[in-house]
Amino acid sequence: MAVISAVDAVKTYESGSKTVRALAGVDIAVDPGEFVAIVGPSGSGKSTLLNLLGLLDEPTAGRVVVDGSPASELSTRERTDLRRRTVGFVFQSFFLVPTLTARENVAVPGLVRGDRADLLDRTADLLDRVGLGDRGDHYPNELSGGQKQRVAIARSLVNDPEIVLADEPTGNLDHDTGAQVLDVFDDVAADGVPILAVTHDEQVTEYADRTVRLVDGRIESP
């Protein structure tokens with residue numbers, strides 16, 4: 001069973017007197033342990049699709065199913081709870097809190113769960129997993145770009161998500177540093193947590209199990 005899927009997903013926006021169709025009936029499913037890259041030109045609907053799959057937005061038509069739950073049948077609160085439990089996010093610009101250490105940044109999403117003693121152990125384990133066990137007390141301005149992104153990946157995993165969604169995860173990194181980050185993604189997927197990454201970077205597609213091309217809001221046939 002797919003961890004996350006979109007079925008005939010349509011998304012339109014009103015722009016002045018015009019209706020802009022960002023997605024025009026997209027079908028996609030991501031299975032456990034799969035690393036999927038979504039590519040396409042700017043304006044093709046990649047970020048819109050990522051927002052729908054991450055439960056940050058709702059389709060105009062069609063449906064999104066996450067961990068067996070159709071998002072359209074959930075209240076706003078239920079959708080927020082489902083997103084927090086099942087989806088981890090990684091962004092191009094890292095979005096680390098500059099006044100918090102690496103360890104504290106990783107812990108932030110888990111604070112709402114209340115099990116703070118277990119959270120400290122999990123945070124330490126995740127930093128070890130991404131190769132930063134000795135950087136837990138460092139602040140973001142003391143870390144390289146690749147180290148910041150690995151902290152962001154550890155943060156995305158702290159709530160044991162069912163899937164990790166990544167938006168241009170190597171966009172601010174050089175080739176070698178990007179490879180280090182993608183190696184971490186490979187390890188995460190090997191543990192059964194699927195990765196779906198929106199990207200312009202061909203390096204990401206080299207690591208992905210499957211590449212989906214989105215053009216003008218539609219998935220282009222292979």
# chains A, B, ... in the order shown; residues from 1 in each chain; ligands from 1
call {"tool": "closest_atom_pairs", "arguments": {"of": "region 81-168 of chain A", "to": "region 177-197 of chain A", "cutoff": "8 Å", "atoms": "only C-alpha atoms", "output": "JSON lines"}}
result
{"residue": "A:Val130", "atom": "CA", "partner": "A:Val184", "partner_atom": "CA", "distance": 6.4}
{"residue": "A:Gly145", "atom": "CA", "partner": "A:Thr177", "partner_atom": "CA", "distance": 8.0}
{"residue": "A:Gly146", "atom": "CA", "partner": "A:Thr177", "partner_atom": "CA", "distance": 5.5}
{"residue": "A:Gln149", "atom": "CA", "partner": "A:Val181", "partner_atom": "CA", "distance": 7.1}
{"residue": "A:Arg150", "atom": "CA", "partner": "A:Val181", "partner_atom": "CA", "distance": 6.4}
{"residue": "A:Pro161", "atom": "CA", "partner": "A:Val193", "partner_atom": "CA", "distance": 7.5}
{"residue": "A:Glu162", "atom": "CA", "partner": "A:Val193", "partner_atom": "CA", "distance": 5.9}
{"residue": "A:Ile163", "atom": "CA", "partner": "A:Pro194", "partner_atom": "CA", "distance": 5.0}
{"residue": "A:Val164", "atom": "CA", "partner": "A:Ile195", "partner_atom": "CA", "distance": 4.9}
{"residue": "A:Leu165", "atom": "CA", "partner": "A:Leu196", "partner_atom": "CA", "distance": 5.0}
{"residue": "A:Ala166", "atom": "CA", "partner": "A:Ala197", "partner_atom": "CA", "distance": 4.5}
{"residue": "A:Asp167", "atom": "CA", "partner": "A:Ala197", "partner_atom": "CA", "distance": 5.9}
{"residue": "A:Glu168", "atom": "CA", "partner": "A:Ala197", "partner_atom": "CA", "distance": 6.9}
call {"tool": "residues_around", "arguments": {"residues": "Pro140 (chain A)", "least_positions_apart": "6", "cutoff": "9 Å", "atoms": "only C-alpha atoms", "output": "list in words"}}
result
Leu96, Val97, Pro98, Thr99, Leu100, Thr101, Ala102, Gln147 and Lys148 of chain A
call {"tool": "write_last_selection", "arguments": {"atoms": "N, CA, C and O atoms", "output": "tab-separated table (two decimals), in the first residue's frame"}}
result
chain	number	residue	atom	x	y	z
A	96	LEU	N	16.74	26.54	9.91
A	96	LEU	CA	17.15	26.27	11.29
A	96	LEU	C	16.99	27.54	12.11
A	96	LEU	O	17.16	28.65	11.61
A	97	VAL	N	16.67	27.38	13.39
A	97	VAL	CA	16.54	28.52	14.29
A	97	VAL	C	17.93	28.95	14.72
A	97	VAL	O	18.66	28.16	15.35
A	98	PRO	N	18.37	30.16	14.39
A	98	PRO	CA	19.77	30.54	14.61
A	98	PRO	C	20.18	30.59	16.08
A	98	PRO	O	21.36	30.45	16.39
A	99	THR	N	19.23	30.77	16.98
A	99	THR	CA	19.56	30.87	18.41
A	99	THR	C	19.53	29.52	19.11
A	99	THR	O	19.76	29.45	20.33
A	100	LEU	N	19.26	28.45	18.37
A	100	LEU	CA	19.23	27.11	18.95
A	100	LEU	C	20.41	26.29	18.43
A	100	LEU	O	20.85	26.47	17.29
A	101	THR	N	20.91	25.39	19.25
A	101	THR	CA	21.97	24.49	18.81
A	101	THR	C	21.41	23.46	17.83
A	101	THR	O	20.19	23.33	17.65
A	102	ALA	N	22.31	22.72	17.21
A	102	ALA	CA	21.88	21.66	16.29
A	102	ALA	C	20.96	20.69	17.00
A	102	ALA	O	19.91	20.30	16.48
A	147	GLN	N	26.25	20.48	6.58
A	147	GLN	CA	25.93	20.11	7.96
A	147	GLN	C	24.55	20.64	8.36
A	147	GLN	O	23.77	19.95	9.02
A	148	LYS	N	24.24	21.87	7.93
A	148	LYS	CA	22.91	22.42	8.22
A	148	LYS	C	21.82	21.54	7.60
A	148	LYS	O	20.79	21.28	8.23
call {"tool": "residues_around", "arguments": {"residues": "Leu126 (chain A)", "least_positions_apart": "6", "cutoff": "9 Å", "atoms": "only C-alpha atoms", "output": "short mmCIF file (atom, residue, chain, number, x, y, z; two decimals) with N, CA and C atoms, in the first residue's frame"}}
result
data_model
loop_
_atom_site.label_atom_id
_atom_site.label_comp_id
_atom_site.auth_asym_id
_atom_site.auth_seq_id
_atom_site.Cartn_x
_atom_site.Cartn_y
_atom_site.Cartn_z
N VAL A 106 16.91 19.99 16.08
CA VAL A 106 16.36 18.68 15.77
C VAL A 106 15.17 18.36 16.67
N LEU A 132 26.63 13.71 12.57
CA LEU A 132 26.89 14.96 13.29
C LEU A 132 26.79 14.79 14.80
N GLY A 133 27.12 13.60 15.27
CA GLY A 133 27.05 13.34 16.70
C GLY A 133 27.94 14.25 17.53
N VAL A 151 21.35 18.43 9.58
CA VAL A 151 20.57 18.74 10.79
C VAL A 151 19.09 18.81 10.42
N ILE A 153 17.59 17.28 8.00
CA ILE A 153 17.09 15.92 7.75
C ILE A 153 16.82 15.21 9.08
N ALA A 154 17.75 15.34 10.03
CA ALA A 154 17.53 14.74 11.35
C ALA A 154 16.26 15.30 11.98
N ARG A 155 16.05 16.59 11.85
CA ARG A 155 14.83 17.22 12.39
C ARG A 155 13.58 16.63 11.74
N LEU A 157 13.05 13.75 10.81
CA LEU A 157 12.84 12.37 11.23
C LEU A 157 12.46 12.22 12.70
N VAL A 158 12.48 13.31 13.46
CA VAL A 158 12.37 13.20 14.90
C VAL A 158 11.01 12.66 15.35
#
call {"tool": "residues_around", "arguments": {"residues": "Val36 (chain A)", "least_positions_apart": "4", "cutoff": "10 Å", "atoms": "only C-alpha atoms", "output": "ChimeraX atom specification"}}
result
/A:29-31,165,194-198,204-205,207-212
call {"tool": "residues_around", "arguments": {"residues": "Pro109 (chain A)", "least_positions_apart": "3", "cutoff": "12 Å", "atoms": "only C-alpha atoms", "output": "compact mmCIF listing (two decimals) with C-alpha atoms, in the first residue's frame"}}
result
# COMPACT_ATOMS: atom_id res chain seq x y z
CA ARG A 83 0.76 16.00 8.91
CA ARG A 84 2.72 16.25 12.16
CA ARG A 85 2.60 12.48 12.71
CA VAL A 87 5.23 13.90 7.18
CA GLY A 88 8.75 15.22 7.64
CA PHE A 89 9.86 18.26 5.63
CA LEU A 96 17.15 26.27 11.29
CA ARG A 103 20.51 19.35 18.99
CA GLU A 104 17.79 21.82 19.94
CA ASN A 105 16.82 22.40 16.30
CA VAL A 106 16.36 18.68 15.77
CA VAL A 112 4.63 18.81 21.33
CA ARG A 113 4.72 15.07 22.06
CA GLY A 114 5.62 15.58 25.73
CA ASP A 115 8.10 12.67 26.07
CA ARG A 116 11.10 14.93 26.54
CA LEU A 119 13.23 13.01 22.81
CA THR A 123 17.80 13.59 19.00
CA ALA A 152 17.40 19.56 8.85
CA ALA A 154 17.53 14.74 11.35
CA ARG A 155 14.83 17.22 12.39
CA SER A 156 12.47 15.85 9.72
CA LEU A 157 12.84 12.37 11.23
CA VAL A 158 12.37 13.20 14.90
CA ASN A 159 8.64 12.35 14.91
CA ASP A 160 9.12 9.03 13.08
CA PRO A 161 7.37 10.19 9.89
call {"tool": "select_by_dssp", "arguments": {"residues": "chain A", "states": "helix (DSSP H, G or I)", "output": "MDAnalysis selection string"}}
result
chainID A and resid 46:53 71:73 76:86 102:113 116:129 140:142 145:157 175:190 202:207
call {"tool": "select_by_dssp", "arguments": {"residues": "region 26-160 of chain A", "states": "strand (DSSP E)", "output": "JSON, numbers by chain"}}
result
{"A": [26, 27, 28, 29, 30, 35, 36, 37, 38, 39, 61, 62, 63, 64, 65, 66, 69, 70, 87, 88, 89, 90, 91]}
call {"tool": "residues_around", "arguments": {"residues": "region 44-55 of chain A", "least_positions_apart": "5", "cutoff": "6 Å", "atoms": "only C-alpha atoms", "output": "PyMOL selection string"}}
result
chain A and resi 22-23+214-217
call {"tool": "closest_residue", "arguments": {"among": "A:Val20, A:Ala107, A:Ala2, A:His200", "to": "Arg213 (chain A)", "atoms": "only C-alpha atoms"}}
result
A:His200
